[in-house]
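The data block below is upload_39.txt; it holds compact mmCIF, C-alpha atoms.
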# COMPACT_ATOMS: atom_id res chain seq x y z
CA MET A 1032 114.91 128.76 -230.22
CA ALA A 1033 111.81 130.33 -228.69
CA ASP A 1034 109.56 127.82 -230.44
CA SER A 1035 111.80 124.99 -229.24
CA SER A 1036 111.73 126.29 -225.67
CA SER A 1037 107.97 126.72 -225.77
CA ALA A 1038 107.53 123.22 -227.12
CA SER A 1039 109.68 121.74 -224.36
CA ASP A 1040 107.72 123.68 -221.70
CA ASP A 1041 104.43 122.41 -223.12
CA SER A 1042 105.82 118.89 -223.15
CA GLY A 1043 106.90 119.23 -219.53
CA ASP A 1044 103.46 120.55 -218.54
CA ASP A 1045 101.75 117.70 -220.38
CA ASN A 1046 104.00 115.19 -218.62
CA SER A 1047 103.29 116.67 -215.20
CA VAL A 1048 99.53 116.64 -215.80
CA SER A 1049 99.57 113.09 -217.12
CA THR A 1050 101.76 111.97 -214.21
CA PHE A 1051 99.42 113.60 -211.69
CA THR A 1052 96.33 112.17 -213.39
CA SER A 1053 97.72 108.65 -213.59
CA SER A 1054 98.88 108.79 -209.96
CA LEU A 1055 95.47 110.08 -208.83
CA VAL A 1056 93.58 107.41 -210.75
CA PHE A 1057 95.90 104.67 -209.49
CA ASN A 1058 95.49 105.71 -205.85
CA ILE A 1059 91.72 106.00 -206.18
CA VAL A 1060 91.56 102.49 -207.67
CA VAL A 1061 93.80 101.05 -204.92
CA ALA A 1062 91.73 102.77 -202.21
CA ALA A 1063 88.50 101.47 -203.75
CA VAL A 1064 89.85 97.92 -203.97
CA ILE A 1065 91.01 97.99 -200.34
CA PHE A 1066 87.66 99.42 -199.18
CA ILE A 1067 85.63 96.83 -201.12
CA ALA A 1068 87.89 93.99 -199.97
CA PHE A 1069 87.47 95.04 -196.34
CA CYS A 1070 83.70 95.31 -196.64
CA VAL A 1071 83.46 91.86 -198.27
CA LEU A 1072 85.99 90.03 -196.08
CA ARG A 1073 85.00 91.55 -192.72
CA PRO A 1074 81.88 89.44 -192.06
CA ARG A 1075 83.56 86.28 -193.37
CA PHE A 1076 86.70 86.33 -191.20
CA LYS A 1077 85.64 87.13 -187.63
CA ARG A 1078 88.88 85.79 -186.27
CA VAL A 1079 90.73 88.63 -188.03
CA TYR A 1080 88.22 91.49 -188.04
CA ALA A 1081 86.03 90.79 -184.99
CA PRO A 1082 87.92 88.67 -182.43
CA ARG A 1083 86.61 90.73 -179.51
CA THR A 1084 83.04 89.59 -180.21
CA TYR A 1085 83.82 86.10 -178.87
CA ALA A 1086 87.49 85.69 -177.81
CA VAL A 1087 87.44 87.88 -174.67
CA GLY A 1088 85.54 87.96 -171.39
CA LYS A 1089 81.85 88.84 -171.45
CA GLU A 1090 82.44 92.14 -169.63
CA LYS A 1091 84.79 93.31 -172.41
CA ARG A 1092 83.04 91.65 -175.32
CA SER A 1093 81.82 93.85 -178.19
CA PRO A 1094 78.42 93.24 -179.81
CA SER A 1095 78.38 91.72 -183.27
CA ILE A 1096 77.93 94.33 -186.02
CA GLY A 1097 76.19 92.12 -188.53
CA ALA A 1098 76.94 90.49 -191.87
CA LYS A 1099 75.83 93.34 -194.14
CA VAL A 1100 78.61 94.80 -196.26
CA LEU A 1101 78.30 98.37 -194.96
CA ALA A 1102 76.96 97.56 -191.48
CA TRP A 1103 80.21 98.66 -189.85
CA ILE A 1104 79.86 102.33 -190.89
CA PRO A 1105 76.82 103.26 -188.73
CA ALA A 1106 78.20 101.09 -185.91
CA VAL A 1107 81.44 103.09 -185.90
CA LEU A 1108 79.59 106.42 -185.93
CA LYS A 1109 77.25 105.45 -183.08
CA VAL A 1110 79.72 103.76 -180.72
CA ASP A 1111 79.85 105.20 -177.22
CA GLU A 1112 83.25 106.49 -176.08
CA ASP A 1113 82.80 105.12 -172.56
CA LYS A 1114 82.24 101.66 -173.99
CA ILE A 1115 85.45 101.93 -176.04
CA ILE A 1116 87.45 102.72 -172.89
CA LYS A 1117 85.79 99.88 -170.99
CA ARG A 1118 86.40 97.31 -173.70
CA VAL A 1119 89.82 98.14 -175.10
CA GLY A 1120 91.38 100.40 -172.46
CA LEU A 1121 92.34 104.05 -172.21
CA ASP A 1122 95.54 103.78 -174.30
CA THR A 1123 93.71 102.39 -177.31
CA TYR A 1124 90.94 104.96 -176.91
CA MET A 1125 93.44 107.85 -176.83
CA PHE A 1126 95.09 106.55 -180.01
CA LEU A 1127 91.71 106.33 -181.75
CA ARG A 1128 90.85 109.83 -180.53
CA TYR A 1129 94.18 111.11 -181.87
CA MET A 1130 93.45 109.61 -185.29
CA ARG A 1131 89.98 111.13 -185.27
CA SER A 1132 91.26 114.58 -184.30
CA MET A 1133 93.85 114.49 -187.11
CA PHE A 1134 91.09 113.48 -189.54
CA VAL A 1135 88.87 116.39 -188.42
CA ILE A 1136 91.73 118.91 -188.62
CA PHE A 1137 92.74 117.99 -192.15
CA VAL A 1138 89.19 117.56 -193.51
CA VAL A 1139 88.26 121.07 -192.38
CA LEU A 1140 91.49 122.57 -193.69
CA SER A 1141 91.14 120.74 -197.00
CA PHE A 1142 87.58 122.03 -197.44
CA LEU A 1143 88.57 125.61 -196.59
CA SER A 1144 91.54 125.51 -198.96
CA LEU A 1145 89.30 124.24 -201.77
CA VAL A 1146 86.77 127.07 -201.36
CA THR A 1147 89.26 129.91 -200.64
CA ILE A 1148 92.87 129.29 -201.64
CA LEU A 1149 92.23 127.30 -204.80
CA PRO A 1150 89.88 129.87 -206.48
CA VAL A 1151 92.32 132.68 -205.59
CA ASN A 1152 95.20 130.83 -207.17
CA ILE A 1153 93.25 129.91 -210.30
CA THR A 1154 92.16 133.51 -210.88
CA GLY A 1155 95.52 135.00 -209.91
CA GLY A 1156 96.39 136.03 -213.46
CA ALA A 1157 100.18 135.56 -213.31
CA GLY A 1158 100.15 133.48 -216.49
CA ALA A 1159 101.00 130.09 -214.98
CA THR A 1160 99.94 127.03 -216.95
CA GLU A 1161 98.69 123.52 -216.23
CA LEU A 1162 99.11 122.43 -212.59
CA ASN A 1163 100.93 125.64 -211.66
CA VAL A 1164 97.59 127.43 -212.02
CA LEU A 1165 96.56 125.76 -208.74
CA THR A 1166 99.54 127.11 -206.81
CA ILE A 1167 100.52 130.49 -205.37
CA ALA A 1168 102.89 130.87 -208.35
CA ASN A 1169 99.88 132.03 -210.36
CA VAL A 1170 99.36 135.04 -208.04
CA PRO A 1171 101.51 138.11 -208.84
CA SER A 1172 103.79 139.30 -206.04
CA GLU A 1173 102.12 142.76 -206.03
CA SER A 1174 98.55 141.36 -205.94
CA THR A 1175 96.32 142.05 -202.93
CA LYS A 1176 95.06 138.49 -203.24
CA LEU A 1177 98.13 137.34 -201.32
CA TRP A 1178 96.38 138.59 -198.20
CA VAL A 1179 94.00 135.65 -198.58
CA HIS A 1180 96.92 133.29 -198.09
CA ILE A 1181 98.11 135.18 -195.02
CA VAL A 1182 94.63 135.19 -193.45
CA PHE A 1183 94.20 131.51 -194.31
CA PHE A 1184 97.55 130.70 -192.67
CA MET A 1185 96.45 132.53 -189.51
CA LEU A 1186 93.16 130.63 -189.49
CA PHE A 1187 95.09 127.41 -190.10
CA VAL A 1188 97.29 128.00 -187.04
CA ALA A 1189 94.32 129.08 -184.91
CA TRP A 1190 92.30 125.99 -185.91
CA VAL A 1191 95.15 123.59 -185.13
CA LEU A 1192 95.92 125.27 -181.79
CA ARG A 1193 92.23 125.23 -180.89
CA ASN A 1194 92.04 121.48 -181.52
CA ILE A 1195 95.22 120.84 -179.56
CA PHE A 1196 93.86 122.87 -176.63
CA VAL A 1197 90.55 120.96 -176.66
CA GLU A 1198 92.31 117.60 -176.84
CA LEU A 1199 94.60 118.55 -173.95
CA GLN A 1200 91.55 119.41 -171.85
CA VAL A 1201 90.00 116.04 -172.70
CA TYR A 1202 93.28 114.29 -171.93
CA THR A 1203 93.54 116.00 -168.54
CA ARG A 1204 89.94 115.17 -167.66
CA LEU A 1205 90.32 111.54 -168.71
CA ARG A 1206 93.61 111.20 -166.86
CA ILE A 1207 92.06 112.46 -163.61
CA TRP A 1208 89.02 110.23 -164.13
CA TRP A 1209 91.20 107.20 -164.83
CA LEU A 1210 93.49 107.73 -161.84
CA THR A 1211 90.55 108.21 -159.45
CA ASN A 1212 88.42 105.45 -160.97
CA PRO A 1213 87.94 102.70 -158.31
CA SER A 1214 88.64 99.95 -160.85
CA HIS A 1215 92.10 101.43 -161.40
CA ALA A 1216 92.81 102.87 -157.95
CA GLN A 1217 92.28 99.46 -156.34
CA LYS A 1218 94.99 97.85 -158.46
CA ILE A 1219 98.33 97.40 -156.75
CA GLY A 1220 100.11 99.05 -159.68
CA SER A 1221 98.34 102.36 -159.09
CA SER A 1222 100.21 102.85 -155.80
CA THR A 1223 103.52 101.37 -156.92
CA ILE A 1224 106.64 102.99 -158.36
CA MET A 1225 109.80 101.55 -159.86
CA VAL A 1226 112.98 103.39 -158.89
CA SER A 1227 116.21 102.96 -160.85
CA SER A 1228 119.81 104.03 -160.17
CA LEU A 1229 119.61 103.35 -156.44
CA PRO A 1230 122.67 104.15 -154.30
CA GLN A 1231 124.42 101.00 -153.10
CA ALA A 1232 123.54 101.73 -149.45
CA LEU A 1233 119.81 101.71 -150.23
CA ALA A 1234 120.00 98.75 -152.58
CA ASP A 1235 121.64 96.64 -149.86
CA SER A 1236 119.14 97.48 -147.10
CA ASP A 1237 115.36 97.15 -147.29
CA LYS A 1238 114.96 99.13 -144.04
CA LYS A 1239 116.93 102.12 -145.33
CA LEU A 1240 115.04 102.06 -148.59
CA GLU A 1241 111.71 101.87 -146.79
CA SER A 1242 112.61 104.73 -144.43
CA THR A 1243 113.52 106.90 -147.46
CA PHE A 1244 109.98 106.67 -148.86
CA ASP A 1245 108.12 106.39 -145.55
CA MET A 1246 107.80 110.18 -145.36
CA PHE A 1247 105.07 110.21 -148.00
CA PRO A 1248 101.36 110.09 -146.96
CA GLY A 1249 100.29 106.68 -145.70
CA GLY A 1250 103.81 105.30 -145.64
CA VAL A 1251 105.26 102.29 -147.41
CA ARG A 1252 103.57 98.91 -147.56
CA GLN A 1253 106.50 96.96 -148.96
CA VAL A 1254 109.77 97.36 -150.87
CA ILE A 1255 111.25 94.78 -153.22
CA VAL A 1256 114.77 95.22 -154.55
CA ASN A 1257 115.24 93.62 -157.95
CA ARG A 1258 117.79 90.85 -158.14
CA ASN A 1259 120.01 89.43 -160.86
CA CYS A 1260 118.19 86.24 -161.79
CA SER A 1261 119.96 85.64 -165.10
CA ASP A 1262 120.67 81.98 -164.25
CA LEU A 1263 117.01 81.38 -163.41
CA GLU A 1264 115.94 83.31 -166.49
CA GLU A 1265 118.03 81.07 -168.76
CA ILE A 1266 116.43 77.97 -167.28
CA VAL A 1267 112.94 79.42 -167.71
CA GLU A 1268 113.69 80.34 -171.34
CA GLU A 1269 114.96 76.83 -172.03
CA ARG A 1270 111.84 75.35 -170.40
CA ASP A 1271 109.58 77.59 -172.48
CA LYS A 1272 111.35 76.61 -175.71
CA LEU A 1273 110.96 72.91 -174.93
CA ALA A 1274 107.32 73.42 -173.96
CA ALA A 1275 106.64 75.23 -177.23
CA LYS A 1276 108.36 72.44 -179.17
CA LEU A 1277 106.33 69.78 -177.33
CA GLU A 1278 103.11 71.69 -177.98
CA LYS A 1279 103.95 71.96 -181.70
CA LEU A 1280 104.66 68.23 -181.96
CA LEU A 1281 101.48 67.32 -180.08
CA THR A 1282 99.39 69.59 -182.31
CA SER A 1283 100.91 68.12 -185.46
CA TYR A 1284 100.43 64.58 -184.13
CA ALA A 1285 96.80 65.26 -183.24
CA ALA A 1286 96.10 66.75 -186.69
CA THR A 1287 97.70 63.77 -188.42
CA SER A 1288 95.72 61.37 -186.23
CA GLU A 1289 92.47 63.11 -187.11
CA LYS A 1290 93.21 62.95 -190.85
CA LEU A 1291 94.04 59.23 -190.66
CA HIS A 1292 90.94 58.56 -188.58
CA LYS A 1293 88.69 60.29 -191.13
CA LYS A 1294 90.43 58.49 -193.96
CA ALA A 1295 89.92 55.12 -192.27
CA ALA A 1296 86.26 55.92 -191.59
CA LYS A 1297 85.65 56.77 -195.27
CA LYS A 1298 87.29 53.52 -196.45
CA ASN A 1299 85.65 51.54 -193.61
CA SER A 1300 89.09 50.19 -192.65
CA THR A 1301 91.02 49.81 -189.40
CA TYR A 1302 92.51 52.97 -187.97
CA LYS A 1303 96.29 52.84 -187.57
CA GLU A 1304 97.91 55.20 -185.13
CA PRO A 1305 100.61 57.38 -186.76
CA LYS A 1306 104.22 56.99 -185.76
CA ARG A 1307 105.25 59.00 -182.76
CA PRO A 1308 107.93 61.63 -183.49
CA MET A 1309 111.51 60.77 -182.58
CA MET A 1310 114.44 63.00 -181.65
CA ARG A 1311 118.01 62.86 -180.32
CA GLU A 1312 119.07 64.24 -176.96
CA SER A 1313 122.31 65.69 -178.34
CA LYS A 1314 122.27 68.96 -180.28
CA VAL A 1315 124.99 67.55 -182.55
CA PRO A 1316 123.39 66.02 -185.69
CA PHE A 1317 123.24 62.19 -185.81
CA LYS A 1318 124.82 61.83 -182.34
CA GLY A 1319 123.17 59.59 -179.77
CA PRO A 1320 120.22 57.23 -179.94
CA LYS A 1321 116.77 58.26 -181.10
CA LEU A 1322 114.25 58.84 -178.32
CA ASP A 1323 110.50 59.24 -178.17
CA ALA A 1324 110.05 63.00 -178.51
CA PHE A 1325 106.97 63.18 -176.29
CA GLU A 1326 108.52 61.28 -173.41
CA PHE A 1327 111.90 62.98 -173.67
CA LEU A 1328 110.52 66.53 -173.81
CA ALA A 1329 108.04 65.87 -170.99
CA SER A 1330 110.77 64.49 -168.72
CA LYS A 1331 113.12 67.34 -169.61
CA ILE A 1332 110.45 69.95 -168.85
CA GLY A 1333 109.78 68.24 -165.53
CA GLU A 1334 113.46 68.42 -164.60
CA LEU A 1335 113.64 72.10 -165.49
CA ASN A 1336 110.49 72.85 -163.51
CA LYS A 1337 112.08 71.23 -160.48
CA ARG A 1338 115.22 73.36 -160.86
CA ILE A 1339 113.09 76.50 -161.30
CA SER A 1340 111.20 75.68 -158.12
CA GLU A 1341 114.43 75.14 -156.19
CA LEU A 1342 116.07 78.36 -157.40
CA GLY A 1343 112.92 80.46 -157.08
CA GLY A 1344 112.29 79.30 -153.53
CA ASP A 1345 115.26 81.24 -152.16
CA PRO A 1346 115.59 84.71 -153.74
CA THR A 1347 118.35 85.73 -151.31
CA GLN A 1348 120.87 83.72 -153.30
CA PHE A 1349 120.58 86.22 -156.18
CA LYS A 1350 122.59 89.45 -156.16
CA ARG A 1351 120.71 92.69 -155.52
CA GLN A 1352 120.46 95.22 -158.34
CA SER A 1353 120.27 99.00 -158.30
CA SER A 1354 116.49 99.18 -158.84
CA ALA A 1355 113.47 98.46 -156.71
CA PHE A 1356 109.68 98.46 -156.54
CA VAL A 1357 108.11 100.51 -153.76
CA PHE A 1358 104.51 99.72 -152.78
CA PHE A 1359 102.69 102.55 -150.99
CA ASN A 1360 99.55 102.39 -148.88
CA LYS A 1361 98.04 105.36 -150.72
CA GLN A 1362 97.93 106.20 -154.42
CA VAL A 1363 98.75 109.87 -153.81
CA ALA A 1364 102.03 108.86 -152.14
CA ALA A 1365 103.20 107.11 -155.32
CA HIS A 1366 102.48 110.20 -157.42
CA MET A 1367 104.22 112.49 -154.94
CA ALA A 1368 107.28 110.23 -154.90
CA ALA A 1369 107.39 110.21 -158.70
CA GLN A 1370 107.51 114.04 -158.77
CA THR A 1371 110.04 114.47 -155.94
CA VAL A 1372 113.80 114.87 -156.22
CA LEU A 1373 114.83 111.87 -154.15
CA ASP A 1374 118.61 112.39 -154.05
CA TYR A 1375 120.87 115.40 -154.42
CA LYS A 1376 123.52 113.40 -156.29
CA PRO A 1377 123.49 113.64 -160.12
CA PHE A 1378 121.53 110.84 -161.84
CA SER A 1379 120.89 109.09 -158.51
CA MET A 1380 117.29 107.78 -158.19
CA ASN A 1381 116.35 110.05 -161.09
CA LEU A 1382 114.28 107.45 -162.97
CA VAL A 1383 110.95 106.86 -161.23
CA SER A 1384 108.15 105.12 -163.14
CA LEU A 1385 104.51 104.88 -162.11
CA ASP A 1386 102.18 101.93 -162.62
CA VAL A 1387 104.69 99.87 -164.58
CA SER A 1388 103.54 96.64 -166.18
CA PRO A 1389 106.03 93.75 -165.82
CA ASP A 1390 105.58 92.98 -169.51
CA ASP A 1391 106.96 96.44 -170.41
CA ILE A 1392 110.19 96.01 -168.44
CA ILE A 1393 113.49 94.93 -169.98
CA TRP A 1394 114.78 93.24 -166.85
CA SER A 1395 118.37 92.98 -168.06
CA ASN A 1396 118.57 96.80 -168.21
CA LEU A 1397 117.53 97.45 -164.61
CA ASN A 1398 121.09 97.35 -163.29
CA LEU A 1399 122.53 99.78 -165.83
CA ASN A 1400 124.84 102.44 -164.49
CA PRO A 1401 123.13 105.86 -164.86
CA TYR A 1402 126.09 107.18 -166.84
CA ASP A 1403 126.02 104.15 -169.13
CA ARG A 1404 122.30 104.67 -169.60
CA ARG A 1405 122.84 108.31 -170.57
CA ILE A 1406 125.70 107.45 -172.94
CA ARG A 1407 123.51 104.85 -174.64
CA GLY A 1408 120.81 107.48 -175.02
CA TYR A 1409 123.24 109.88 -176.67
CA ILE A 1410 124.49 107.15 -179.02
CA SER A 1411 120.92 106.22 -179.96
CA MET A 1412 120.04 109.86 -180.59
CA ALA A 1413 123.16 110.38 -182.70
CA ALA A 1414 122.40 107.28 -184.75
CA THR A 1415 118.81 108.45 -185.30
CA VAL A 1416 119.92 111.92 -186.39
CA GLY A 1417 122.54 110.37 -188.67
CA LEU A 1418 119.95 108.13 -190.34
CA VAL A 1419 117.61 111.09 -190.85
CA ILE A 1420 120.36 113.23 -192.37
CA VAL A 1421 121.74 110.49 -194.61
Turn this file's structure into structure tokens for me.
Amino acid sequence: MADSSSASDDSGDDNSVSTFTSSLVFNIVVAAVIFIAFCVLRPRFKRVYAPRTYAVGKEKRSPSIGAKVLAWIPAVLKVDEDKIIKRVGLDTYMFLRYMRSMFVIFVVLSFLSLVTILPVNITGGAGATELNVLTIANVPSESTKLWVHIVFFMLFVAWVLRNIFVELQVYTRLRIWWLTNPSHAQKIGSSTIMVSSLPQALADSDKKLESTFDMFPGGVRQVIVNRNCSDLEEIVEERDKLAAKLEKLLTSYAATSEKLHKKAAKKNSTYKEPKRPMMRESKVPFKGPKLDAFEFLASKIGELNKRISELGGDPTQFKRQSSAFVFFNKQVAAHMAAQTVLDYKPFSMNLVSLDVSPDDIIWSNLNLNPYDRRIRGYISMAATVGLVIV
């Protein structure tokens, strides 16, 4: 029985070692292939790997690295942080800095564990075999070598906290610099807030809303209450879909024309214009006469543009919503308003956002009841927790 048990243990150890070795080799090979592929493909596909060297404005354009296989490595190490912020923005820079800080933390900890923890575990003398020799299981519970693990854990925590503290200082400095930077402070968004869950009395009166925020330094420049433009939004979406369809057809037609033109030039024959695409006005298949797609889509887009112009010319016809944009004369007023309790009622005017980009707003959610918003948050959190547990 003992021999059988020993044999099975040896077999299990052999399997674990072989599994670890095969997994390590496989991952090294995959990493090497990805690295080599990137180095080889990078200079050949600028549209994918270097679009900012030509596809953006000159003031934000990055210099070309070069066509050498490993030319990107010294370029990455020498790049100036101020240039990164100028070219790609502060958000992208902070993400890159976060990745770099995580890399530094784990490289240092990995090196320290290799030169301290690993030798202690290997020489622990608890009789562990194979891969278990590398773990704390090979150190007897009464051994003084366990103090090495405790000290290492303390150093681990101190190193991580030190890096977090340094990064927080950098974040604070960069935030102050960014907010006071003239290029940002002069933008209208820097002195603008978006307020949600407005009381009905404020939502219905621009004067009352303006007087509410006029107490902040410099006063209010303008207030705009958001309106329910769902009808206009549907027309704009329909127009955009038709415009995208027309653009796709025109691109396809132009490509086909170019191919036929080249083909005719090679054969020294007469060029024949390709057939123009046809379509039906009705969405029901095979219903109605066929129409020239270019003419029909162009006329339809023109009609929709006219309707958009008519509806957009009179915003008062749209119902007011319980959210608004407040434009201040001074940037400090917007920040003070964002940190002030604006109403004593629960959940009233409790959502204040600074420097909001229109592209980041889900406009259909601006009129949500504050209680509905909170209930949705609870449901989302419960669903997330449920997925994690399951």
Correct to one decimal, the distance CA of Val1100 (chain A)-CA of Arg1073 (chain A) is 8.0 Å
What's around region 1084-1090 of chain A at 10 Å? Count all atoms listed in the file, leave out sequence neighbours fewer than 5 positions away in its own chain, and write the answer as a PDB file with C-alpha atoms, in the coordinates of the input.
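Result saved to around07.pdb:
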ATOM      1  CA  LYS A1077      85.640  87.130-187.630  1.00  0.00           C
ATOM      2  CA  ARG A1078      88.880  85.790-186.270  1.00  0.00           C
ATOM      3  CA  SER A1095      78.380  91.720-183.270  1.00  0.00           C
ATOM      4  CA  ILE A1096      77.930  94.330-186.020  1.00  0.00           C
ATOM      5  CA  LYS A1117      85.790  99.880-170.990  1.00  0.00           C
ATOM      6  CA  ARG A1118      86.400  97.310-173.700  1.00  0.00           C
TER       7      ARG A1118
END
Nearby residues (all atoms listed in the file) at most 9 Å from region 1205-1221 of chain A, same-chain spacing under 2 positions excluded, as a list in words: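 After dropping sequence-adjacent residues, the list is Leu1121, Gln1200, Val1201, Tyr1202, Thr1203, Thr1223, Ile1224, Phe1358, Phe1359, Lys1361, Gln1362, Ala1365, Leu1385, Asp1386, Val1387 and Ser1388 of chain A.
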Can you tell me, as a count of residues only, what residues are no more than 12 Å from region 1129-1145 of chain A when counting only C-alpha atoms, ignoring any on the same chain fewer than 6 positions away? 31
Restricting the calculation to only C-alpha atoms, which member of A:Ile1181, A:Ile1420, A:Ile1148, A:Val1357 is positioned closest to Ser1242 (chain A)?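 The answer is A:Val1357, which sits nearest to Ser1242 (chain A).
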Kindly provide, as AutoDock Vina command-line options, the centre and edge lengths (Å, one decimal) of an axis-aligned box around all atoms of region 1322-1327 of chain A given in the file, with 5 Å on each side.
--center_x 110.6 --center_y 61.0 --center_z -176.0 --size_x 17.3 --size_y 14.3 --size_z 15.1
Please write as a list in words the list of polymer residues whose atoms come within 9 Å of (82.1, 95.2, -196.8), counting all atoms listed in the file and keeping to the coordinates of the file.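 Collected hits near the coordinates: Phe1066, Ile1067, Ala1068, Phe1069, Cys1070, Val1071, Leu1072, Arg1073, Pro1074, Ala1098, Lys1099, Val1100, Leu1101, Ala1102 and Trp1103 of chain A.
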Report, in Å to a single decimal, how far apart CA of Val1048 (chain A) and CA of Val1146 (chain A) are.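 CA of Val1048 (chain A) lies at a distance of 21.9 Å from CA of Val1146 (chain A).
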Ser1379 (chain A) surroundings by all atoms listed in the file, 7 Å radius, close-in-sequence under 3 positions cut, as a PDB file with C-alpha atoms, in the coordinates of the input:
ATOM      1  CA  SER A1228     119.810 104.030-160.170  1.00  0.00           C
ATOM      2  CA  LEU A1229     119.610 103.350-156.440  1.00  0.00           C
ATOM      3  CA  PRO A1230     122.670 104.150-154.300  1.00  0.00           C
ATOM      4  CA  ASP A1374     118.610 112.390-154.050  1.00  0.00           C
ATOM      5  CA  LYS A1376     123.520 113.400-156.290  1.00  0.00           C
TER       6      LYS A1376
END
Residue contacts of Pro1401 (chain A) (9 Å, only C-alpha atoms) excluding same-chain residues fewer than 3 positions away, as a ChimeraX atom specification: /A:1227-1228,1378-1379,1381,1398,1404-1406
So, counting all atoms listed in the file, which residue among A:Ser1053, A:Ala1234, A:Glu1289, A:Leu1382 is closest to Asn1257 (chain A)?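 Once distances to Asn1257 (chain A) are computed over all atoms listed in the file, the minimum belongs to A:Ala1234.
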Sphere at (100.8, 61.6, -181.2), radius 12 Å, counting only C-alpha atoms: residues as an MDAnalysis selection string: chainID A and resid 1277:1289 1291 1303:1309 1323:1326
Take the structure in the block and write a file for region 1253-1264 of chain A, N, CA, C and O atoms, as a PDB file, in the first residue's frame.
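Here's the written file selection-v8.pdb:
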ATOM      1  N   GLN A1253     -25.388  81.823 -18.461  1.00  0.00           N
ATOM      2  CA  GLN A1253     -26.557  81.321 -19.181  1.00  0.00           C
ATOM      3  C   GLN A1253     -26.989  79.997 -18.579  1.00  0.00           C
ATOM      4  O   GLN A1253     -26.157  79.249 -18.041  1.00  0.00           O
ATOM      5  N   VAL A1254     -28.287  79.708 -18.645  1.00  0.00           N
ATOM      6  CA  VAL A1254     -28.813  78.398 -18.252  1.00  0.00           C
ATOM      7  C   VAL A1254     -29.621  77.835 -19.410  1.00  0.00           C
ATOM      8  O   VAL A1254     -30.344  78.568 -20.094  1.00  0.00           O
ATOM      9  N   ILE A1255     -29.480  76.553 -19.632  1.00  0.00           N
ATOM     10  CA  ILE A1255     -30.223  75.871 -20.696  1.00  0.00           C
ATOM     11  C   ILE A1255     -30.842  74.622 -20.106  1.00  0.00           C
ATOM     12  O   ILE A1255     -30.129  73.703 -19.685  1.00  0.00           O
ATOM     13  N   VAL A1256     -32.161  74.582 -20.055  1.00  0.00           N
ATOM     14  CA  VAL A1256     -32.873  73.408 -19.564  1.00  0.00           C
ATOM     15  C   VAL A1256     -33.019  72.415 -20.712  1.00  0.00           C
ATOM     16  O   VAL A1256     -33.446  72.778 -21.817  1.00  0.00           O
ATOM     17  N   ASN A1257     -32.630  71.179 -20.478  1.00  0.00           N
ATOM     18  CA  ASN A1257     -32.749  70.161 -21.516  1.00  0.00           C
ATOM     19  C   ASN A1257     -34.213  69.873 -21.821  1.00  0.00           C
ATOM     20  O   ASN A1257     -35.078  69.942 -20.949  1.00  0.00           O
ATOM     21  N   ARG A1258     -34.475  69.563 -23.060  1.00  0.00           N
ATOM     22  CA  ARG A1258     -35.847  69.318 -23.502  1.00  0.00           C
ATOM     23  C   ARG A1258     -35.968  67.941 -24.133  1.00  0.00           C
ATOM     24  O   ARG A1258     -34.984  67.368 -24.618  1.00  0.00           O
ATOM     25  N   ASN A1259     -37.171  67.426 -24.133  1.00  0.00           N
ATOM     26  CA  ASN A1259     -37.459  66.109 -24.707  1.00  0.00           C
ATOM     27  C   ASN A1259     -37.601  66.242 -26.214  1.00  0.00           C
ATOM     28  O   ASN A1259     -38.653  66.620 -26.725  1.00  0.00           O
ATOM     29  N   CYS A1260     -36.523  65.933 -26.919  1.00  0.00           N
ATOM     30  CA  CYS A1260     -36.501  66.062 -28.381  1.00  0.00           C
ATOM     31  C   CYS A1260     -36.525  64.697 -29.050  1.00  0.00           C
ATOM     32  O   CYS A1260     -35.840  64.480 -30.060  1.00  0.00           O
ATOM     33  N   SER A1261     -37.280  63.769 -28.487  1.00  0.00           N
ATOM     34  CA  SER A1261     -37.286  62.399 -29.021  1.00  0.00           C
ATOM     35  C   SER A1261     -37.777  62.356 -30.463  1.00  0.00           C
ATOM     36  O   SER A1261     -37.258  61.584 -31.282  1.00  0.00           O
ATOM     37  N   ASP A1262     -38.783  63.192 -30.792  1.00  0.00           N
ATOM     38  CA  ASP A1262     -39.292  63.210 -32.176  1.00  0.00           C
ATOM     39  C   ASP A1262     -38.205  63.686 -33.132  1.00  0.00           C
ATOM     40  O   ASP A1262     -38.004  63.100 -34.206  1.00  0.00           O
ATOM     41  N   LEU A1263     -37.514  64.751 -32.743  1.00  0.00           N
ATOM     42  CA  LEU A1263     -36.423  65.271 -33.576  1.00  0.00           C
ATOM     43  C   LEU A1263     -35.282  64.266 -33.654  1.00  0.00           C
ATOM     44  O   LEU A1263     -34.667  64.086 -34.716  1.00  0.00           O
ATOM     45  N   GLU A1264     -35.015  63.595 -32.558  1.00  0.00           N
ATOM     46  CA  GLU A1264     -33.935  62.603 -32.523  1.00  0.00           C
ATOM     47  C   GLU A1264     -34.214  61.449 -33.485  1.00  0.00           C
ATOM     48  O   GLU A1264     -33.306  60.957 -34.160  1.00  0.00           O
TER      49      GLU A1264
END
